[in-house]
Amino acid sequence: MSNLEVCAQHLVNDPTNYTIAEDFVLELCDSSGLFRAQEDDLFDYKREYPHSMTDGYFAGICRIIFGFHNSFGGILVLGVHDLKRTGGHNKKFVNVERLNTRLRELSGVSINVRHLDLNYLGDNEGEQAKRVDLLVIPKRLPNAPPVALLSKLEKYAAGTVWIRRGHEVLEVTSRDTAFLFGPRDMVSDPDLYKVPGYLPTRPSTIASFVGRVGTLSKLFSWISSEDEPRKFLWGRGGSGKSTIAFEFAQLVKDCGKSIEGYDGETFERVVFLSAKERELNSEKGRIQDTMHVDFSTFSQLLIAFLVAADYSVDEDYSSMSIEELAMRVKELFDFENMLVVIDDIDTLVTKGEDAGFDLLYKLALRAKKCIRILYTQRNQPLSSENSIEVSGFEKEEEFVEFVHKCCDQFKVPMPKEDFMHSYLWKDTEGIPLIIETIVGLRKTCGDFQKAHQIFLDRRGDESRKYLFEREYDALGRDNKGRQVLATISEFGRPISNDEILAIVQFGESSVSEAIGEVLGFFLSTSTSAEGATNYYLNPVTKAFIREKSKTLDFSTALVERVKNFKSAGRRKTQEVALVETKIQRLLDIGQIDPALDMVCREVTPSIVENAAFRMLRAQIFSICSPVRRAEAREDFQYCVDHSYEDAEGMRKWLAMEREAGSSHNQERICDYVINGKAYAEKVKHEFNSRKATVLYFKGRDHGVSSADGFGLFERSLFLSVRAFNFFHGTGADTNFNYRYVRSTAFSLVNSAKALDYDRQLVKVFEGIQKEHGFLCDPLFEPFAEMLRYFAMSRGGEIGKRRQGIIRSVNARIGKSITFELPEFNQKCAKLSEA
């Protein structure tokens with residue numbers, strides 16, 4: 001190392017030492033005082049301190065500081081002219097406390113930059129000394145994760161990690177992983193940091209490790225900064241869990257003596273064991289047995305660990321019990337700081353084998369040494385806080401780099417940009433194993449489009465089985481998870497929870513449990529414009545689910561149900577129409593029992609899953625004797641969920657619920673019609689009136705002296721007035737509606753009297769006026785009764801208040817309170833004046 005590099009390293013190690021700082025500046029300058037030294041691994045020049053902590057210039061400063069900190073540490077020399085190489089150009093006050101606060105805000109880490117200001121001689125003899133500011137950036141500790149941007153800063157994206165290489169600051173790529181997480185020692189022999197270890201051959205087909213810096217950072221932070229002895233890497237098959245775990249183990253093996261555990265001691269051994277029995281040859285697209293399996297039971301796992309950790313060559317482990325093996329593992333855990341990786345543990349779990357989670361966890365927790373156990377598995381662990389999800393490549397540059405590596409290894413040309421960034425990235429969701437397989441197929445196809453289609457059609461069967469079959473077979477025996485997957489697959493677009501509920505028909509809690517069962521592995525999610533979560537399957541998963549669903553008993557019925565739902569119940573096939581005609585003929589002559597027998601005998605999925613048939617069957621259930629109320633409700637609800645609208649059917653449903661005395665269900669039925677899409681306005685206002693009736697009787701049940709009763713009468717009155725005004729405007733007979741508006745309004749007035757709701761009552765009439773532009777005729781007598789009631793009160797606070805209300809009402813009659821007939825306005829004015 002040169003004197004300058006030695007001096008720079010000393011200053012990084014002792015950042016408050018002005019003597020070292022002066023020596024460093026002297027080493028940078030020539031005899032004339034010019035800064036001749038070229039920027040290097042340990043120092044950089046900038047003309048001035050940033051004026052702002054948010055602009056592009058500061059972003060560049062931040063990038064340099066992060067790069068130094070992630071590498072060897074370094075010194076940023078402020079005040080040096082870019083071209084002249086003279087000093088003294090920084091006129092801005094260096095607020096290092098504010099700088100450190102801002103760096104912590106951007107990274108979540110306290111980097112603790114130090115500031116030194118120095119005077120040095122200028123260009124000419126006798127010239128006044130000039131000043132430079134030194135920002136001394138410490139080297140990141142070996143057991144600390146790399147610093148990265150938590151959020152976007154100018155043109156730099158969140159998650160960006162930089163390192164220093166010579167005079168450049170570079171964004172980290174896969175080739176920098178060993179350096180980034182290693183000791184970052186400029187002079188020592190790398191072998192000095194190695195620890196013993198048992199690792200298999202690299203589990204990935206692609207020789208080079210790509211990306212995943214964020215995941216590795218979380219793992220290094222875990223082993224060095226957390227007291228939790230266990231962590232799970234989980235994600236879909238082929239997402240790269242084993243590859244990441246292997247890379248992590250290899251890094252710890254190569255530099256374990258520089259990595260301090262939670263107890264402050266460095267790691268002393270690394271063991272990597274795998275239960276993976278089968279693997280996918282991505283080049284051939286075929287499943288094959290793995291070359292070596294370390295264990296297939298928990299006892300074998302303990303034995304494999306004892307052998308890999310060199311416990312003893314004299315012991316006969318095969319004759320030992322679990323307890324005896326565990327005692328020996330405990331001895332090892334008390335002897336060395338260790339990282340243990342257990343790959344593909346759910347091979348045991350899905351076979352119903354005991355994986356020994358609790359025992360190993362307790363041994364690691366109580367160990368005298370620092371023990372860290374990393375599991376890889378496909379399904380989400382119960383404890384999310386002790387797990388890290390591994391998904392496909394999320395950063396575009398990492399995805400592109402991985403495609404390059406695959407193409408180089410399989411010796412095929414790179415795909416065109418449009419294919420790579422649409423089909424290859426989006427359809428695979430960036431899952432490495434799927435990308436590998438499609439690139440591998442390219443060797444025997446004319447182009448990538450054909451390889452992609454072949455993968456989805458036939459040659460991808462083996463790959464899809466490897467990715468999904470083990471977890472699919474492990475789903476619950478009630479098949480609800482499989483039904484949800486089949487539904488989403490058949491639906492063909494992102495589907496909401498409510499839509500799933502409407503199609504599968506097995507209850508909200510069961511649907512929620514089924515989605516939870518498959519969400520972590522099979523399902524992808526998106527968010528609608530309204531903020532709701534929608535579920536979908538990527539093309540690869542969909543191809544697998546469709547093939548598997550064909551073998552299930554419910555498949556045909558579910559396909560018909562989805563078709564019917566997507567067509568909003570409008571599809572009435574010829575066979576449905578024929579059955580419907582036969583049943584209707586029986587109903588027309590009063591033969592309800594034979595009609596009931598016919599609908600109950602029908603089992604053809606294309607008929608019984610059709611909403612038109614369900615509506616007819618529901619009506620029969622509602623009028624047969626005895627009424628089959630539960631079955632009728634199920635069929636009526638099915639039709640509503642499938643947007644099938646039939647006014648006569650809804651009338652029968654309403655009548656059935658009225659007979660059952662269920663006011664809640666009656667309201668719900670009316671709302672279905674009122675909010676329906678295809679019902680005629682006449683029908684909607686008919687159900688406005690019907691809902692008003694339900695609310696009126698609920699109000700009577702609560703009593704006129706109840707606040708709830710007043711509210712129900714108010715809602716009922718608004719609906720009644722809407723219906724009356726509509727039918728009155730069409731010239732229909734409104735005698736019934738007239739009486740209903742009048743009686744409901746009188747009930748409201750009586751309730752207001754009992755509750756002393758004077759102003760609330762006036763506001764109801766004003767609200768009706770505002771909605772319709774006038775007060776209809778049947779409201780006149782109740783309104784007049786209100787005025788007479790107010791006029792009866794004289795004297796006292798109540799009398800004064802009501803007289804004030806009357807004067808206010810009188811001033812608004814004919815304006816904000818107007819009856820449709822002018823003479824009614826005149827009569828009301830006279831009443832209020834009197």
# chains A, B, ... in the order shown; residues from 1 in each chain; ligands from 1
>>> select_by_dssp(residues="stretch 168-404 of chain A", states="strand (DSSP E or B)", output="PyMOL selection string")
chain A and resi 168-171+197-198+230-234+260+266+269-274+278-281+286-289+338-343+371-377+387-389
>>> residues_around(residues="stretch 360-367 of chain A", least_positions_apart="2", cutoff="9 Å", atoms="only C-alpha atoms", output="PDB file with C-alpha atoms, in the first residue's frame")
ATOM      1  CA  ASP A 227     -31.321 -12.923  19.405  1.00  0.00           C
ATOM      2  CA  GLU A 228     -33.753 -15.142  17.465  1.00  0.00           C
ATOM      3  CA  PRO A 229     -31.974 -18.471  16.788  1.00  0.00           C
ATOM      4  CA  ARG A 230     -34.246 -19.564  13.913  1.00  0.00           C
ATOM      5  CA  ALA A 326     -30.197 -34.620  20.788  1.00  0.00           C
ATOM      6  CA  VAL A 329     -26.239 -32.025  19.259  1.00  0.00           C
ATOM      7  CA  LYS A 330     -26.507 -30.036  22.496  1.00  0.00           C
ATOM      8  CA  GLU A 331     -22.818 -30.657  23.176  1.00  0.00           C
ATOM      9  CA  LEU A 332     -21.938 -29.306  19.740  1.00  0.00           C
ATOM     10  CA  PHE A 333     -24.192 -26.277  20.252  1.00  0.00           C
ATOM     11  CA  ASP A 334     -22.344 -25.576  23.507  1.00  0.00           C
ATOM     12  CA  PHE A 335     -18.938 -25.894  21.833  1.00  0.00           C
ATOM     13  CA  GLY A 356     -38.253 -31.613  14.974  1.00  0.00           C
ATOM     14  CA  PHE A 357     -38.749 -27.842  14.862  1.00  0.00           C
ATOM     15  CA  ASP A 358     -39.407 -27.483  18.586  1.00  0.00           C
ATOM     16  CA  LYS A 369     -22.757 -20.603  21.926  1.00  0.00           C
ATOM     17  CA  CYS A 370     -24.426 -18.548  19.205  1.00  0.00           C
ATOM     18  CA  ILE A 371     -26.437 -20.983  17.074  1.00  0.00           C
ATOM     19  CA  ARG A 372     -28.398 -19.871  14.005  1.00  0.00           C
ATOM     20  CA  ILE A 373     -30.681 -22.312  12.160  1.00  0.00           C
TER      21      ILE A 373
END
>>> residues_around(residues="stretch 96-99 of chain A", least_positions_apart="6", cutoff="9 Å", atoms="only C-alpha atoms", output="PDB file with N, CA, C and O atoms, in the first residue's frame")
ATOM      1  N   MET A  53     -30.449  19.362   1.165  1.00  0.00           N
ATOM      2  CA  MET A  53     -30.371  17.942   1.515  1.00  0.00           C
ATOM      3  C   MET A  53     -31.367  17.112   0.713  1.00  0.00           C
ATOM      4  O   MET A  53     -31.666  15.983   1.097  1.00  0.00           O
ATOM      5  N   ASN A 112     -22.671   7.891  11.114  1.00  0.00           N
ATOM      6  CA  ASN A 112     -21.800   8.686  11.998  1.00  0.00           C
ATOM      7  C   ASN A 112     -20.575   9.219  11.247  1.00  0.00           C
ATOM      8  O   ASN A 112     -19.419   8.905  11.577  1.00  0.00           O
ATOM      9  N   VAL A 113     -20.827  10.047  10.249  1.00  0.00           N
ATOM     10  CA  VAL A 113     -19.748  10.730   9.514  1.00  0.00           C
ATOM     11  C   VAL A 113     -19.109  11.766  10.436  1.00  0.00           C
ATOM     12  O   VAL A 113     -19.797  12.474  11.180  1.00  0.00           O
ATOM     13  N   ARG A 114     -17.774  11.878  10.381  1.00  0.00           N
ATOM     14  CA  ARG A 114     -17.056  12.876  11.174  1.00  0.00           C
ATOM     15  C   ARG A 114     -16.569  14.007  10.261  1.00  0.00           C
ATOM     16  O   ARG A 114     -16.232  13.782   9.093  1.00  0.00           O
ATOM     17  N   HIS A 115     -16.493  15.230  10.812  1.00  0.00           N
ATOM     18  CA  HIS A 115     -16.059  16.389  10.034  1.00  0.00           C
ATOM     19  C   HIS A 115     -14.792  16.983  10.641  1.00  0.00           C
ATOM     20  O   HIS A 115     -14.701  17.209  11.855  1.00  0.00           O
ATOM     21  N   LEU A 135     -14.826  15.030   5.242  1.00  0.00           N
ATOM     22  CA  LEU A 135     -15.885  14.191   5.793  1.00  0.00           C
ATOM     23  C   LEU A 135     -15.336  12.770   5.849  1.00  0.00           C
ATOM     24  O   LEU A 135     -15.087  12.147   4.812  1.00  0.00           O
TER      25      LEU A 135
END
>>> atom_distance(atom1="atom CA of A:Thr19", atom2="atom CA of A:Ile61")
25.6 Å
>>> residues_around(residues="A:Glu353", least_positions_apart="6", cutoff="12 Å", atoms="only C-alpha atoms", output="ChimeraX atom specification")
/A:275,295-301,345-347
>>> residues_around(residues="stretch 510-513 of chain A", least_positions_apart="2", cutoff="9 Å", atoms="only C-alpha atoms", output="ChimeraX atom specification")
/A:480-481,484,497,500-501,504-508,515-518
>>> select_by_dssp(residues="stretch 433-589 of chain A", states="alpha helix (DSSP H)", output="MDAnalysis selection string")
chainID A and resid 433:441 448:457 461:464 470:473 480:491 497:504 508:519 539:549 555:566 574:588
>>> atom_distance(atom1="atom CA of A:Ala178", atom2="atom CA of A:Asn143")
13.8 Å
>>> residues_around(residues="A:Leu153", least_positions_apart="4", cutoff="10 Å", atoms="only C-alpha atoms", output="list in words")
Thr54, Asp55, Gly56, Phe58, Ala59, Gly60, Cys62, Arg63, Leu106, Leu149, Ala157, Ala158 and Thr160 of chain A
>>> residues_around(residues="stretch 773-785 of chain A", least_positions_apart="3", cutoff="10 Å", atoms="only C-alpha atoms", output="number ranges by chain")
A: 717, 721-722, 724-725, 728, 737-750, 761-762, 765-770, 788-791, 814-821, 824-825, 827-829, 831-832
>>> closest_residue(among="A:Val640, A:Ile435, A:Leu42, A:Val293", to="A:Val673", atoms="only C-alpha atoms")
A:Val640
>>> atom_distance(atom1="atom CA of A:Gly108", atom2="atom CA of A:Phe66")
12.1 Å
>>> closest_residue(among="A:Thr428, A:Glu226, A:Ser622, A:Val313", to="A:Gly264", atoms="only C-alpha atoms")
A:Glu226
>>> closest_residue(among="A:Glu48, A:Asp316, A:Glu560, A:Asp641", to="A:Thr604", atoms="only C-alpha atoms")
A:Glu560
